[in-house]
Structure formats: structure tokens, C-alpha cells
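Okay, structure first, notes after.
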Amino acid sequence: MSHDSRARPRLRISLTPYLFISPWVLGFLLFTLGPLVFSLTMSFYDWPVVGERSFVGFGNYRSMLTEDPMFWESLGITTRFALIYVPFNIVLSFLLALMLHHARFGAGFFRTAFYLPSVISGVALVMIWNWIYSQEYGLLNYMLSFAGVEPVNWLGDKQIAVVAIIIASLWGLGGTMLILLTGLKGIPRELYEAATVSGVPGWAQTVYITIPMLGPMLVFTFITSIISAFQQLTIALLLTKGGPQKATYFFAMYIYDNAFKFYDMGYAAAGSWIMFLFVLALSLLVMRWSAAWSYYEGELKSGGRDA
Amino acid sequence: MRKLLLHSALTLLALLFILPFYWTFLSAVKSTADLYQFPPVFWPSEWHFENFAASWNKLPFNTFLWNSTVVVVLSTIGQVLSSSLVAFGFARFRFPGRDALFILLLATMMIPWDVKMIPLYMEFNYIGWINTLKPLIVPSYFADAFFVFMLRQFIMTVPLEIDEAARMDGASSFDIYWRIHLPLMLPGLILVGTFHFMNAWNDYLGPLIFLNDQSKYTLTLGLALFKNPHDVDITAVAAITTLLCLPPLALFFVAQRYIMDGAVGSAVKG
């Protein structure tokens with residue numbers, strides 16, 4: 001009898017599992033692999049939305065890297081943004097998660113408060129901050145006035161507009177915080193108990209236990225923060241429109257404009273591939289660097305390498 | 001003492017995080033005179049709740065709401081069904097290429113949206129879907145990597161014996177998925193539904209790229225229409241922003257315990 005019941009599923013195995021996963025396989029071909037191949041192809045063409053396309057080889061890449069000042073400028077702006085946003089996002093999320101982890105009461109309420117901004121639309125976020133940043137009537141300048149700060153022209157000043165975007169983006173750090181908080185809860189208590197018994201001070205426990213144990217989570221948030229920094233588009237598009245004087249003209253906006261303002265699809269596709277490779281290289285660097293300080297329990301997934 | 005300091009700091013920070021919401025709501029119901037007061041008014045003398053209806057009627061927001069609702073409802077159904085189906089396939093069968101395909105699935109989460117948006121626009125343009133709601137709905141019927149990953153975790157906590165017992169009673173694989181696992185992974189489905197609802201409701205770039213006519217606009221595009229460089233109607237912007245935030249906030253409160261317990265990586269979705 002057990003013979004029969006084992007044999008039956010084995011016969012069915014041929015097709016059934018593939019039927020179950022077929023939606024994803026089809027979607028992968030239609031909406032991921034297809035577009036990737038398509039966009040890589042486009043990047044070697046002069047490809048308008050309507051009209052004749054012509055093969056230009058590496059022409060798009062060459063002129064982007066050598067003749068287009070906006071490419072380097074927007075890449076520089078995005079890199080500078082990422083250099084500030086990514087560490088702040090992770091450090092602040094980590095500190096908030098640590099505080100929540102040690103809170104005796106009200107942890108649920110505080111957690112909800114920090115997470116709420118992550119629940120709303122980017123458009124709503126922009127509209128909220130646009131008014132908070134108002135030079136004359138804004139909430140932020142009012143609060144800063146208590147510290148004796150003169151009214152700041154948040155969105156109109158070339159130097160400060162990027163800071164305004166960073167602050168508004170950091171308001172949405174709840175997701176990152178939640179991941180790290182879950183990670184903190186997963187660290188075995190015995191580690192801290194043993195350390196306390198051995199007389200290890202609190203700060204050293206954070207450095208030598210918490211951070212290595214959180215390693216995989218920190219790496220994950222690091223990489224997703226980098227990706228979201230480089231994809232930053234909604235806030236820049238709506239809050240500052242890339243201005244003032246292109247001070248917040250992010251790389252994603254440069255790609256967007258080439259595609260949907262100038263309808264130069266091949267050129268925009270080339271830009272998006274440069275971004276993809278750039279972000280991929282950064283992610284790999286982060287992973288290699290993190291191997292030095294993070295603790296992985298077992299392997300990622302045994303048997304993952306066959307086939 | 002240290003605990004007191006910690007809780008005071010947390011309270012202050014929490015207030016800072018919530019303040020922008022309160023401020024936006026206030027701006028929606030203030031009189032124009034109060035709106036342009038400095039120092040700002042934190043408890044207005046008059047509350048103009050009629051501002052919500054007045055702002056709603058300044059643009060065809062009924063149409064935008066309808067479009068948003070169609071997109072959100074249809075795509076959420078698709079997402080929940082397709083992702084759970086695929087998750088079941090990966091969790092409960094051994095088949096050649098499974099592990100490689102699953103790693104491929106995880107890898108797709110790393111691809112920046114920017115790389116896909118241009119060719120997707122071209123694809124949808126070729127098949128005549130630009131300026132329809134289809135590009136915002138149809139892809140949801142083909143599963144999402146992150147949701148598949150999450151639901152697979154849920155399914156893997158269910159003992160295999162349950163499947164085997166059902167199979168001995170003559171249940172087909174689809175029966176086992178539909179009648180046993182779907183009800184069992186309800187918390188996971190709520191999670192997926194909630195996150196997808198929020199993503200779809202909040203999405204701005206998708207509608208921005210795929211829709212042209214105002215009659216097709218979703219709520220986020222409608223709200224963005226108010227952002228006109230010459231004359232920004234603060235009351236209307238604040239009122240519609242408040243209304244736009246309400247459904248995801250309400251949904252969040254309802255589904256909160258599932259989100260906080262079950263979802264690592266909610267931030268993965270932009």
C-alpha cells in the first residue's frame with residue numbers, strides 16, 4: 001500500500017510541478033527576461049518610439065560616457081546622495097531597532113509610529129514634505145526657529161535641496177528598521193548572558209555580538225538601500241523636479257527624461273544598463289566586504305548549485 | 001533611570017514621525033487665514049471638514065478612485081492566486097531544475113525597475129496596452145518573487161503528512177493546494193494581499209509611464225496634478241493627501257499583527 005502511494009506522485013511529477021510554477025516562469029519570460037534582453041538590444045540601437053531604428057554598436061555607451069555632461073553630473077549627484085542616505089538609513093534604523101528592542105513598554109506603539117510613513121504613497125510623502133519645507137509657513141523652519149536657525153530655503157537652494165530629499169527619504173526608514181528589529185529578536189539571549197557573566201561591557205556586546213549576528217540582515221538592508229538610492233525618482237521628480245539648477249537631477253531621472261521626454265529609447269536603455277551594472281558591482285562589493293564581519297549560520301542553501 | 005531616558009527618547013521620536021501626518025490633516029481642515037499663520041496654528045479655531053468634499057470635486061477624483069479601485073482589486077486577486085500557486089509548486093515538489101529556478105526567482109528581486117521600465121513600455125506599446133489599465137493589472141497574474149518566497153516559507157511549516165493523508169484519500173495536487181494549503185496559509189495570503197494592495201494603491205511611476213489621458217488616471221496621478229508650479233492649492237493638496245493615505249493606513253492597522261510577526265523584508269518593495 002505504501003508502495004502504491006509513493007509510486008503515484010512520482011509518476012505525476014513529470015508535469016504537475018511545472019504547471020504550478022508556470023505563472024512565474026511565463027511572467028519571468030514576458031516581464032523580466034524578455035525586457036532585459038530587449039533593453040540590452042535597444043541599447044545598441046538608435047531606437048525612437050516611432051520611426052526607423054538603426055544599429056549603432058557601442059555608440060550610445062560611447063557618447064554617454066564621453067560627450068554627455070549630464071551623465072556624469074547625474075551619476076555624481078546620485079552617488080553623493082547614496083553616500084549620505086545609505087549609511088544614515090542603516091545607522092538610524094539600527095539605533096531605532098535597538099531602542100525598540102530594549103523598550104519595556106509601548107514597544108508596539110513606537111514600532112507602529114516609526115513604520116507608518118512607510119505605508120503611504122511616495123506622492124503623498126512628497127506632498128506632505130513640500131508643505132513642511134515651505135520657507136515662510138513651513139513646520140520645519142518653525143521648529144528650527146527655536147534653535148535660533150534662520151528660515152532655510154529648503155527646496156530652492158542648490159546645496160540644501162539634496163538634504164531636503166534625504167530627510168524626506170529617511171522618514172520612510174520603517175521597513176529597514178523592521179527587518180533589523182526582527183533580526184535582533186532572533187539573536188539567542190544566551191550569548192549576551194554568557195558575555196555579561198564574563199564581564200564584557202555593553203558596548204562591546206553590541207560590537208562583537210549584535211553586529212556580527214545581524215550580519216546577513218545588515219547586508220540585505222545595505223544592498224536594498226543602495227538599490228533604492230539609485231532608483232530614487234518619485235521624490236526628485238515631484239518635490240524638486242530635479243532642480244534648483246539640476247542640483248537634484250538624479251541618475252534615474254536622467255534615464256527617465258531620455259526615455260519619456262526625449263523618446264530616445266536606445267540611449268535611455270544604455271543608461272539603465274550602466275546603472276544596473278553599477279548597482280550590481282556595488283552589491284557584490286558589499287557582500288565581499290561583509291564576509292569579514294558577519295556570521296553566517298551554515299550555508300546559504302545546500303544543494304542550491306546543482307543543475 | 002536609563003529606561004526612563006530610553007522611553008522619553010522613543011516618545012519624542014515617535015511624535016516626530018507622526019507629526020507630519022497630523023500637520024497634513026490640520027492643513028486640510030484649517031481656514032485659509034489659519035493656514036498662512038506664522039507661527040503655525042496647532043489647534044485651529046475653526047475646523048473646515050467641508051474642505052475634503054470641496055477638494056475632491058476640484059478634479060474628477062471619482063474617476064481616479066474608480067481606476068485605482070479597478071487596478072488594486074483585480075491585481076490583488078491575481079497576485080494572491082498566482083503567488084500562492086507558484087509557492088506551492090516550489091515548496092511541495094521535487095523536480096529537475098527546481099533549485100536553480102528558485103535561485104533565479106530570488107535573483108530577479110535584485111533587478112532595478114528602471115532597467116525593465118523602458119522595454120516594458122515598448123512591449124506594452126507594441127500590443128496597444130499603453131493608456132489602458134492592463135499594464136498595471138496583468139503582470140500581477142504572473143506571481144511576484146518576494147511574495148512567492150514569503151508564501152513558500154508558510155507552506156513549508158505545514159507537515160508533509162497532511163499532504164500524504166489527503167493524497168491517499170484520492171485528492172489531486174490541485175485539491176491539496178486549493179482545499180488544504182490555501183486555507184492554512186491565510187495569514188500569509190493576508191500579508192501578500194496587504195502589501196500588494198499598498199504597492200498598487202501607492203504606485204506612481206507605473207501609472208505615470210503607462211497612462212496618458214486624465215480619464216485613465218489613478219489617484220496618485222490625480223493628486224500629482226495639483227502640484228502646479230505657479231499656484232499650489234495647499235488645502236486641496238493636504239485634503240487629497242490625507243484621503244489617499246487613509247486606505248493603506250487603515251489596512252495596516254487591520255493587518256498589523258500579520259505584518260509585524262510574519263514579514264521580514266517589507267522594505268524590499270520600493
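Please note that chains go A, B, ... in the order of the C-alpha cells, that every chain numbers its residues from 1, and that ligands are numbered from 1 in the order shown.
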- Query: Which residues, written as a list in words, have at least one atom at most 8 Å from segment 174-182 of chain A, with only C-alpha atoms counted and residues fewer than 3 positions away on the same chain left out?
  - Reply: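 Counting only C-alpha atoms, the residues come to Asn89, Ile90, Ser93, Phe94, Leu96, Ala97, Leu98, Leu100, His101, Phe114, Tyr115, Leu116, Pro117, Ser118, Trp171, Lys185, Gly186, Leu214, Met217, Leu218 and Thr221 of chain A; Met260, Val264, Gly265, Ser266, Ala267 and Val268 of chain B.
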Any chance you can output those residues with C-alpha atoms as a compact mmCIF listing (two decimals), in the first residue's frame?
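Okay, again-v9.txt is ready:
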```txt
# COMPACT_ATOMS: atom_id res chain seq x y z
CA ASN A 89 19.26 54.87 6.69
CA ILE A 90 21.05 51.87 8.17
CA SER A 93 17.20 52.15 11.54
CA PHE A 94 19.65 50.14 13.62
CA LEU A 96 15.74 52.76 16.44
CA ALA A 97 15.54 48.96 16.31
CA LEU A 98 17.95 48.70 19.27
CA LEU A 100 12.67 49.33 20.46
CA HIS A 101 14.30 46.05 21.37
CA PHE A 114 8.07 54.58 13.06
CA TYR A 115 6.59 52.29 10.45
CA LEU A 116 3.57 54.41 9.44
CA PRO A 117 5.39 56.64 6.92
CA SER A 118 6.46 53.52 5.01
CA TRP A 171 11.18 59.45 7.09
CA LYS A 185 14.83 39.26 18.19
CA GLY A 186 16.43 36.24 16.58
CA LEU A 214 22.84 40.71 12.44
CA MET A 217 20.28 41.26 7.71
CA LEU A 218 22.60 44.26 7.66
CA THR A 221 19.39 46.19 4.10
CA MET B 260 4.83 42.59 12.40
CA VAL B 264 10.87 40.28 7.23
CA GLY B 265 11.80 42.44 4.36
CA SER B 266 8.72 44.54 3.86
CA ALA B 267 11.10 47.25 2.77
CA VAL B 268 12.15 45.29 -0.25
```
Within 6 Å of chain B, which residues belong to chain A? Use only C-alpha atoms and report them as a tab-separated table (two decimals) with C-alpha atoms, in the first residue's frame.
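Output (result.tsv):
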```tsv
chain	number	residue	atom	x	y	z
A	17	PRO	CA	5.04	20.89	-10.52
A	20	PHE	CA	2.15	25.06	-10.58
A	21	ILE	CA	5.15	27.26	-11.19
A	23	PRO	CA	2.71	31.50	-13.91
A	24	TRP	CA	6.06	32.64	-12.62
A	27	GLY	CA	5.93	36.03	-16.18
A	35	PRO	CA	12.53	43.03	-21.26
A	39	SER	CA	16.59	46.58	-23.46
A	110	PHE	CA	6.54	53.06	18.96
A	113	ALA	CA	4.72	55.11	14.78
A	120	ILE	CA	1.85	55.67	2.34
A	121	SER	CA	2.45	56.59	-1.28
A	124	ALA	CA	1.65	61.63	-0.54
A	137	TYR	CA	4.92	78.86	6.64
A	175	GLY	CA	10.83	48.96	6.60
A	176	THR	CA	14.57	48.75	7.17
A	179	ILE	CA	13.93	43.94	9.28
A	272	SER	CA	19.73	51.87	-17.45
A	304	GLY	CA	21.48	25.19	-4.49
A	307	ALA	CA	21.62	21.88	-12.36
```
- Message: For the helix (DSSP H, G or I) assignment from backbone DSSP, which residues of segment 135-279 of chain A qualify? Please present them as JSON, numbers by chain.
- Response: {"A": [139, 140, 141, 142, 143, 144, 145, 161, 162, 163, 164, 165, 166, 167, 168, 169, 170, 174, 175, 176, 177, 178, 179, 180, 181, 182, 183, 184, 185, 189, 190, 191, 192, 193, 194, 195, 196, 197, 202, 203, 204, 205, 206, 207, 208, 209, 210, 211, 212, 213, 214, 215, 216, 217, 218, 219, 220, 221, 222, 223, 224, 225, 226, 227, 228, 229, 230, 231, 234, 235, 236, 237, 238, 239, 240, 251, 252, 253, 254, 255, 256, 257, 258, 259, 260, 265, 266, 267, 268, 269, 270, 271, 272, 273, 274, 275, 276, 277, 278, 279]}
- Item | Selection: 10 Å around Ala259 of chain A, only C-alpha atoms, excl. self and same-chain fewer than 2 positions, as a ChimeraX atom specification | /A:48-49,253-257,261-269,271 /B:117-118,121
Residues as selected, C-alpha atoms, written as a PDB file, in the first residue's frame, can you do that?
```pdb
ATOM      1  CA  PRO A  48      12.968  56.048 -31.226  1.00  0.00           C
ATOM      2  CA  VAL A  49       9.466  55.065 -30.041  1.00  0.00           C
ATOM      3  CA  MET A 253      15.648  60.986 -13.668  1.00  0.00           C
ATOM      4  CA  TYR A 254      18.284  61.288 -16.385  1.00  0.00           C
ATOM      5  CA  ILE A 255      17.236  57.865 -17.699  1.00  0.00           C
ATOM      6  CA  TYR A 256      13.560  58.747 -17.344  1.00  0.00           C
ATOM      7  CA  ASP A 257      13.981  62.007 -19.283  1.00  0.00           C
ATOM      8  CA  LYS A 261      10.788  63.195 -22.551  1.00  0.00           C
ATOM      9  CA  PHE A 262      13.192  62.841 -25.493  1.00  0.00           C
ATOM     10  CA  TYR A 263      11.885  59.408 -26.567  1.00  0.00           C
ATOM     11  CA  ASP A 264      15.423  58.210 -27.182  1.00  0.00           C
ATOM     12  CA  MET A 265      14.761  54.657 -26.032  1.00  0.00           C
ATOM     13  CA  GLY A 266      18.094  53.156 -27.104  1.00  0.00           C
ATOM     14  CA  TYR A 267      20.091  55.814 -25.305  1.00  0.00           C
ATOM     15  CA  ALA A 268      17.940  55.507 -22.175  1.00  0.00           C
ATOM     16  CA  ALA A 269      18.285  51.714 -22.250  1.00  0.00           C
ATOM     17  CA  GLY A 271      21.861  54.369 -19.329  1.00  0.00           C
TER      18      GLY A 271
ATOM     19  CA  MET B 117      10.519  50.038 -17.426  1.00  0.00           C
ATOM     20  CA  ILE B 118      11.792  51.110 -20.853  1.00  0.00           C
ATOM     21  CA  TYR B 121       6.850  50.421 -22.107  1.00  0.00           C
TER      22      TYR B 121
END
```
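Taking atom CA of Leu211 of chain B and atom CA of Ile130 of chain B as the two end points, the separation is 6.3 Å.
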Within 7 Å of Phe251 of chain A using only C-alpha atoms, minus same-chain residues under 5 positions, as a PDB file with C-alpha atoms, in the first residue's frame:
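Now in selection.pdb:
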```pdb
ATOM      1  CA  SER A  74      23.561  62.980 -12.558  1.00  0.00           C
ATOM      2  CA  LEU A  75      25.712  59.978 -11.646  1.00  0.00           C
ATOM      3  CA  THR A  78      23.130  60.154  -7.165  1.00  0.00           C
TER       4      THR A  78
END
```
- Between atom CA of Leu237 of chain A and atom CA of Tyr249 of chain A, distance in Å (one decimal):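 If I compute the distance from atom CA of Leu237 of chain A to atom CA of Tyr249 of chain A, I get 8.6 Å.
Using only C-alpha atoms, the shortest contact distance between Ile190 of chain B and any of B:Thr76, B:Thr32, B:Ser45, B:Asn57 is found at B:Thr76.
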- Item | Which of segment 18-101 of chain A DSSP labels strand (DSSP E or B), written as JSON, numbers by chain | {"A": [45, 46, 48, 54, 55]}
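The space separating atom CA of Ala204 of chain A from atom CA of Ala292 of chain A comes to 17.6 Å.
Distance annotation: of B:Pro44, B:Gly222, B:Pro207, B:Gly188, the residue with the minimal separation from Pro60 of chain B is B:Gly222; atom set is only C-alpha atoms.
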